[in-house]
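Source file: final17.cif (mmCIF, C-alpha atoms)
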data_target
loop_
_atom_site.group_PDB
_atom_site.id
_atom_site.type_symbol
_atom_site.label_atom_id
_atom_site.label_comp_id
_atom_site.auth_asym_id
_atom_site.auth_seq_id
_atom_site.Cartn_x
_atom_site.Cartn_y
_atom_site.Cartn_z
ATOM 1 C CA MET A 1 4.527 51.381 51.134
ATOM 2 C CA ALA A 2 6.387 54.456 52.299
ATOM 3 C CA PHE A 3 6.935 54.711 56.050
ATOM 4 C CA ALA A 4 6.239 58.056 57.687
ATOM 5 C CA ASP A 5 7.827 58.903 61.023
ATOM 6 C CA PHE A 6 5.674 61.777 62.230
ATOM 7 C CA GLU A 7 7.861 62.436 65.259
ATOM 8 C CA THR A 8 10.969 63.162 63.174
ATOM 9 C CA ARG A 9 8.958 64.294 60.131
ATOM 10 C CA ARG A 10 10.739 61.824 57.855
ATOM 11 C CA LEU A 11 9.303 59.819 55.011
ATOM 12 C CA HIS A 12 11.198 56.644 54.072
ATOM 13 C CA CYS A 13 10.664 55.046 50.649
ATOM 14 C CA LYS A 14 12.170 51.913 49.091
ATOM 15 C CA VAL A 15 13.202 51.447 45.450
ATOM 16 C CA LEU A 16 14.671 48.148 44.265
ATOM 17 C CA TYR A 17 16.909 47.693 41.239
ATOM 18 C CA PHE A 18 16.533 44.315 39.533
ATOM 19 C CA GLY A 19 18.203 42.916 36.445
ATOM 20 C CA PRO A 20 20.656 40.279 35.298
ATOM 21 C CA ARG A 21 24.123 40.055 36.787
ATOM 22 C CA GLY A 22 26.427 42.616 35.158
ATOM 23 C CA ALA A 23 23.629 44.778 33.704
ATOM 24 C CA GLY A 24 24.647 47.854 35.709
ATOM 25 C CA LYS A 25 22.562 47.942 38.884
ATOM 26 C CA THR A 26 25.538 48.787 41.116
ATOM 27 C CA THR A 27 26.783 51.268 38.518
ATOM 28 C CA ASN A 28 23.338 52.923 38.655
ATOM 29 C CA LEU A 29 23.596 53.367 42.422
ATOM 30 C CA ARG A 30 27.103 54.779 42.122
ATOM 31 C CA ALA A 31 25.918 57.163 39.402
ATOM 32 C CA VAL A 32 22.967 58.287 41.548
ATOM 33 C CA LEU A 33 25.398 59.255 44.294
ATOM 34 C CA LYS A 34 27.831 60.906 41.867
ATOM 35 C CA HIS A 35 25.278 62.816 39.787
ATOM 36 C CA SER A 36 22.856 63.817 42.505
ATOM 37 C CA SER A 37 22.598 67.410 43.624
ATOM 38 C CA ALA A 38 24.840 68.779 46.361
ATOM 39 C CA GLU A 39 21.860 68.722 48.740
ATOM 40 C CA TRP A 40 21.233 65.019 48.033
ATOM 41 C CA GLN A 41 24.905 64.181 48.523
ATOM 42 C CA GLN A 42 25.114 66.109 51.754
ATOM 43 C CA ASN A 43 22.315 64.007 53.261
ATOM 44 C CA SER A 44 23.293 60.659 51.743
ATOM 45 C CA SER A 45 25.541 57.796 52.703
ATOM 46 C CA GLU A 46 28.022 55.663 50.835
ATOM 47 C CA LEU A 47 27.060 52.623 48.806
ATOM 48 C CA THR A 48 27.038 49.644 51.172
ATOM 49 C CA PRO A 49 27.484 46.109 49.832
ATOM 50 C CA VAL A 50 25.989 43.336 51.968
ATOM 51 C CA GLU A 51 27.907 40.158 51.220
ATOM 52 C CA TYR A 52 27.949 36.539 52.271
ATOM 53 C CA GLU A 53 31.014 34.444 51.441
ATOM 54 C CA ASP A 54 32.189 37.053 48.881
ATOM 55 C CA ASN A 55 28.840 36.963 47.040
ATOM 56 C CA PRO A 56 26.766 40.125 47.261
ATOM 57 C CA PHE A 57 23.200 39.619 48.473
ATOM 58 C CA PHE A 58 22.416 43.235 47.697
ATOM 59 C CA GLU A 59 23.817 46.741 47.774
ATOM 60 C CA PHE A 60 22.239 49.625 49.624
ATOM 61 C CA LEU A 61 22.302 53.394 49.199
ATOM 62 C CA PRO A 62 20.117 55.763 51.240
ATOM 63 C CA VAL A 63 19.562 59.069 49.425
ATOM 64 C CA SER A 64 17.853 62.187 50.773
ATOM 65 C CA ILE A 65 15.808 64.008 48.142
ATOM 66 C CA GLY A 66 14.418 67.016 49.973
ATOM 67 C CA SER A 67 11.049 67.729 51.526
ATOM 68 C CA VAL A 68 7.461 66.995 50.597
ATOM 69 C CA LYS A 69 4.555 68.276 52.679
ATOM 70 C CA GLU A 70 6.873 69.241 55.558
ATOM 71 C CA HIS A 71 8.465 65.783 55.641
ATOM 72 C CA HIS A 72 12.089 65.064 54.803
ATOM 73 C CA VAL A 73 12.100 62.314 52.133
ATOM 74 C CA LYS A 74 14.746 59.592 52.191
ATOM 75 C CA VAL A 75 14.797 56.986 49.430
ATOM 76 C CA HIS A 76 16.453 53.677 50.227
ATOM 77 C CA LEU A 77 17.917 52.180 47.037
ATOM 78 C CA TYR A 78 18.690 48.463 46.865
ATOM 79 C CA ALA A 79 20.353 46.602 44.004
ATOM 80 C CA PHE A 80 20.508 42.846 43.716
ATOM 81 C CA PRO A 81 20.234 40.178 41.024
ATOM 82 C CA PRO A 82 17.179 37.960 40.929
ATOM 83 C CA HIS A 83 18.264 34.518 42.036
ATOM 84 C CA ARG A 84 16.096 31.763 43.432
ATOM 85 C CA LEU A 85 18.657 31.049 46.180
ATOM 86 C CA TYR A 86 17.899 34.474 47.643
ATOM 87 C CA SER A 87 14.142 33.911 48.062
ATOM 88 C CA THR A 88 14.203 34.605 51.811
ATOM 89 C CA VAL A 89 16.150 37.814 51.263
ATOM 90 C CA TYR A 90 13.665 38.903 48.588
ATOM 91 C CA SER A 91 10.736 38.222 50.856
ATOM 92 C CA VAL A 92 12.188 40.550 53.480
ATOM 93 C CA MET A 93 13.450 43.173 51.025
ATOM 94 C CA LEU A 94 10.164 43.424 49.149
ATOM 95 C CA LYS A 95 8.230 44.385 52.267
ATOM 96 C CA GLY A 96 7.196 47.993 51.783
ATOM 97 C CA ILE A 97 8.560 48.347 48.247
ATOM 98 C CA ASP A 98 7.573 51.675 46.686
ATOM 99 C CA GLY A 99 9.117 51.331 43.246
ATOM 100 C CA MET A 100 11.365 49.339 40.956
ATOM 101 C CA VAL A 101 13.925 49.916 38.224
ATOM 102 C CA PHE A 102 14.624 46.919 36.007
ATOM 103 C CA VAL A 103 18.083 47.371 34.485
ATOM 104 C CA ALA A 104 18.420 45.501 31.192
ATOM 105 C CA ASP A 105 21.781 44.921 29.513
ATOM 106 C CA SER A 106 21.596 46.160 25.906
ATOM 107 C CA ALA A 107 24.349 43.826 24.658
ATOM 108 C CA MET A 108 23.132 41.506 21.913
ATOM 109 C CA ASP A 109 24.439 38.385 23.682
ATOM 110 C CA LYS A 110 22.639 39.302 26.945
ATOM 111 C CA LEU A 111 19.053 39.073 25.672
ATOM 112 C CA ASP A 112 18.479 35.614 27.178
ATOM 113 C CA ASP A 113 19.888 36.795 30.540
ATOM 114 C CA ASN A 114 17.550 39.808 30.425
ATOM 115 C CA LEU A 115 14.532 37.624 29.648
ATOM 116 C CA MET A 116 15.359 35.172 32.440
ATOM 117 C CA ALA A 117 15.930 37.977 34.976
ATOM 118 C CA TRP A 118 12.725 39.763 33.900
ATOM 119 C CA GLN A 119 10.683 36.576 34.337
ATOM 120 C CA GLU A 120 12.301 35.867 37.719
ATOM 121 C CA THR A 121 11.606 39.451 38.811
ATOM 122 C CA GLN A 122 7.934 39.139 37.883
ATOM 123 C CA ASP A 123 7.734 35.737 39.635
ATOM 124 C CA ILE A 124 9.351 37.122 42.801
ATOM 125 C CA LEU A 125 6.954 40.084 42.896
ATOM 126 C CA ALA A 126 3.923 37.883 42.204
ATOM 127 C CA HIS A 127 4.989 35.439 44.931
ATOM 128 C CA GLU A 128 4.966 38.336 47.396
ATOM 129 C CA GLY A 129 1.550 39.512 46.168
ATOM 130 C CA ILE A 130 2.902 42.670 44.526
ATOM 131 C CA LEU A 131 0.977 43.698 41.436
ATOM 132 C CA MET A 132 3.123 45.188 38.693
ATOM 133 C CA SER A 133 0.122 47.265 37.623
ATOM 134 C CA HIS A 134 0.230 49.097 40.989
ATOM 135 C CA LEU A 135 3.996 49.392 41.364
ATOM 136 C CA PRO A 136 5.787 52.465 40.022
ATOM 137 C CA ALA A 137 8.365 50.803 37.786
ATOM 138 C CA VAL A 138 10.590 51.612 34.851
ATOM 139 C CA ILE A 139 12.638 49.496 32.466
ATOM 140 C CA GLN A 140 16.064 50.962 31.872
ATOM 141 C CA TYR A 141 17.928 49.851 28.749
ATOM 142 C CA ASN A 142 21.491 50.253 29.982
ATOM 143 C CA LYS A 143 24.776 50.168 28.037
ATOM 144 C CA ARG A 144 23.300 51.909 24.991
ATOM 145 C CA ASP A 145 26.826 52.974 24.033
ATOM 146 C CA LEU A 146 27.889 49.412 23.149
ATOM 147 C CA LYS A 147 28.658 48.677 19.501
ATOM 148 C CA ASN A 148 26.644 45.453 19.758
ATOM 149 C CA ALA A 149 23.658 47.054 21.521
ATOM 150 C CA LEU A 150 20.348 45.604 20.435
ATOM 151 C CA PRO A 151 17.920 48.087 18.885
ATOM 152 C CA THR A 152 15.540 49.503 21.488
ATOM 153 C CA GLU A 153 12.596 48.147 19.476
ATOM 154 C CA ILE A 154 13.802 44.559 20.005
ATOM 155 C CA LEU A 155 14.353 45.100 23.739
ATOM 156 C CA ARG A 156 10.925 46.720 24.014
ATOM 157 C CA ASP A 157 9.246 43.893 22.108
ATOM 158 C CA GLN A 158 10.935 41.195 24.220
ATOM 159 C CA LEU A 159 10.909 42.804 27.676
ATOM 160 C CA ASN A 160 8.327 45.542 27.927
ATOM 161 C CA THR A 161 5.128 43.570 27.451
ATOM 162 C CA LEU A 162 3.564 45.559 30.316
ATOM 163 C CA ALA A 163 4.123 48.912 28.546
ATOM 164 C CA LEU A 164 6.129 50.329 31.469
ATOM 165 C CA PRO A 165 7.965 53.622 31.104
ATOM 166 C CA GLU A 166 11.364 52.966 29.562
ATOM 167 C CA ILE A 167 14.597 54.910 29.558
ATOM 168 C CA GLU A 168 17.788 54.464 27.550
ATOM 169 C CA ALA A 169 20.883 54.741 29.700
ATOM 170 C CA ASN A 170 24.622 54.533 30.015
ATOM 171 C CA ALA A 171 25.125 54.217 33.756
ATOM 172 C CA LEU A 172 28.914 54.554 33.465
ATOM 173 C CA ASN A 173 28.575 58.203 32.485
ATOM 174 C CA GLY A 174 25.253 58.760 34.288
ATOM 175 C CA THR A 175 23.054 59.102 31.203
ATOM 176 C CA GLY A 176 19.474 58.073 32.016
ATOM 177 C CA VAL A 177 20.230 57.140 35.626
ATOM 178 C CA MET A 178 18.608 60.091 37.382
ATOM 179 C CA GLN A 179 15.717 60.013 34.877
ATOM 180 C CA SER A 180 15.044 56.362 35.778
ATOM 181 C CA LEU A 181 15.030 57.026 39.510
ATOM 182 C CA GLY A 182 13.160 60.321 39.074
ATOM 183 C CA ASN A 183 10.394 58.632 37.077
ATOM 184 C CA VAL A 184 9.823 56.046 39.811
ATOM 185 C CA VAL A 185 10.047 58.548 42.688
ATOM 186 C CA GLU A 186 7.661 60.973 40.982
ATOM 187 C CA ARG A 187 5.072 58.248 40.421
ATOM 188 C CA PHE A 188 5.087 56.905 43.964
ATOM 189 C CA MET A 189 4.995 60.435 45.379
ATOM 190 C CA GLU A 190 1.862 61.025 43.263
ATOM 191 C CA GLN A 191 0.342 57.910 44.863
ATOM 192 C CA LEU A 192 1.013 59.386 48.316
ATOM 193 C CA ALA A 193 -0.684 62.693 47.492
#

This entry written out as C-alpha cells:
Amino acid sequence: MAFADFETRRLHCKVLYFGPRGAGKTTNLRAVLKHSSAEWQQNSSELTPVEYEDNPFFEFLPVSIGSVKEHHVKVHLYAFPPHRLYSTVYSVMLKGIDGMVFVADSAMDKLDDNLMAWQETQDILAHEGILMSHLPAVIQYNKRDLKNALPTEILRDQLNTLALPEIEANALNGTGVMQSLGNVVERFMEQLA
C-alpha cells in the first residue's frame, strides 16, 4: 500500500519486478531510467544493486513521476529473481507492495524457467497473503526480438492463466518497458483515487 507523508507531501509506491534469472529485470530498470522523461530523470537516483557474497539479492531504483493531488509521487522499483533461499528478503520486500511486473524470457529454451519463476512468484505472494486479483500486475514478454522467441500465444497460454494485462517488450532498446511500468502505475493510482 502506498505510503503518504503528509508533512512533505510525498507519496511513495513500490513496484516489484519478478521473473527468471536473465529474463531482463535489471535491463528493465536501466531502460526505465534511460527512457524516462527529463523530469523523471532529474528527480531519480541511480540503479543500486544490493549484493551478498557477489550474488544480488535485489536491485533498487527510485523514480519520481510527478504530482498527483498535490503530492509528489515517487515509485520505488525493485528487481530480484524468485528464489526460495531469499524468503526472508521477500517477506520484507513485499510489505506495502503496490504493483508487480513479471518479466518473462521469450526464448524457446526458457519456457520451463518462466513457468518455475511464475509459480514461485505466485507462491511467494500467496504466502504473504497478497491476492493477485487485487494487485496491479502485468506480464511482460521480453526479448521479442530473438530469432527463437516463442509465439506470444504459447507464452500467454502457459503463463497468463490469470488474464493479466500483457506487453511485448525488448528491454535492451526500451520497447515495452515504459508501457509495462505505466500500466501498473496507472492501475494502482486508480485504486488510490

Please provide the set of residues having any atom within 9 Å of stretch 152-159 of chain A, restricted to all atoms listed in the file, with same-chain residues fewer than 4 positions apart removed, written as a PyMOL selection string.
-> chain A and resi 104+106+111+114-115+118+139+141+144+163+166+168

Separation of atom CA of A:Leu150 from atom CA of A:Met108, in Å and rounded to one decimal =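 According to the coordinates, atom CA of A:Leu150 and atom CA of A:Met108 are separated by 5.2 Å.
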
Between A:Thr27, A:Glu120, A:His71, A:Lys110, which is the closest to A:Glu7 once you count all atoms listed in the file?
-> A:His71

Mind telling me what the PyMOL selection byres ((chain A and resi 169) around 8) catches here, as a ChimeraX atom specification?
-> /A:140-144,167-168,170-171,174-177

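Between atom CA of A:Thr121 and atom CA of A:Leu61 the interatomic distance comes to 20.4 Å.
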
Given all atoms listed in the file as the counted atoms, nearest of A:Leu181, A:Leu162, A:Val101, A:Ala137 to A:Val32 |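 Ranked by minimum distance to A:Val32, first place goes to A:Leu181.
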
For A:Tyr90, which residue among A:Arg9, A:Gln191, A:Lys147, A:Asp123 is the nearest when counting only C-alpha atoms?
->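 Counting only C-alpha atoms, the residue closest to A:Tyr90 is A:Asp123.
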
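Of note, atom CA of A:Gly129 and atom CA of A:Ala79 are spaced 20.2 Å apart.
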
Min atom-atom distance to A:Leu94 from the set A:Glu128, A:Glu59, A:Glu186, A:Asp145, counting only C-alpha atoms, belongs to A:Glu128

Among listed residues A:Asn183, A:Arg21, A:Ala149, A:Tyr78, nearest A:Ala107 (using all atoms listed in the file) |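 Between A:Asn183, A:Arg21, A:Ala149, A:Tyr78, the residue approaching A:Ala107 most closely is A:Ala149.
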
Determine the nearest neighbour of A:Leu125 from the options A:Leu192, A:Cys13, A:Met100, A:Leu172, counting all atoms listed in the file.
->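 The shortest atom-to-atom distance to A:Leu125 comes from A:Met100.
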
Around all the atoms of stretch 89-98 of chain A listed in the file, draw an axis-aligned box and extend it by 8 Å on each of the six sides; I want its centre and edge lengths in Å to one decimal, as JSON.
{"center_x": 11.7, "center_y": 44.7, "center_z": 50.1, "size_x": 25.0, "size_y": 29.9, "size_z": 22.8}

For the file shown, report as an NGL selection string the outcome of the PyMOL selection byres ((chain A and resi 134) around 12) at residue level.
-> :A and (1 or 97-100 or 125-126 or 129-133 or 135-137 or 162 or 164 or 184 or 187-188 or 191)

Keeping C-alpha atoms, export the residues of the selection given above as a tab-separated table (two decimals), in the frame of the given file.
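Once written, part_7.tsv looks like this:
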chain	number	residue	atom	x	y	z
A	1	MET	CA	4.53	51.38	51.13
A	97	ILE	CA	8.56	48.35	48.25
A	98	ASP	CA	7.57	51.68	46.69
A	99	GLY	CA	9.12	51.33	43.25
A	100	MET	CA	11.36	49.34	40.96
A	125	LEU	CA	6.95	40.08	42.90
A	126	ALA	CA	3.92	37.88	42.20
A	129	GLY	CA	1.55	39.51	46.17
A	130	ILE	CA	2.90	42.67	44.53
A	131	LEU	CA	0.98	43.70	41.44
A	132	MET	CA	3.12	45.19	38.69
A	133	SER	CA	0.12	47.26	37.62
A	135	LEU	CA	4.00	49.39	41.36
A	136	PRO	CA	5.79	52.46	40.02
A	137	ALA	CA	8.36	50.80	37.79
A	162	LEU	CA	3.56	45.56	30.32
A	164	LEU	CA	6.13	50.33	31.47
A	184	VAL	CA	9.82	56.05	39.81
A	187	ARG	CA	5.07	58.25	40.42
A	188	PHE	CA	5.09	56.90	43.96
A	191	GLN	CA	0.34	57.91	44.86
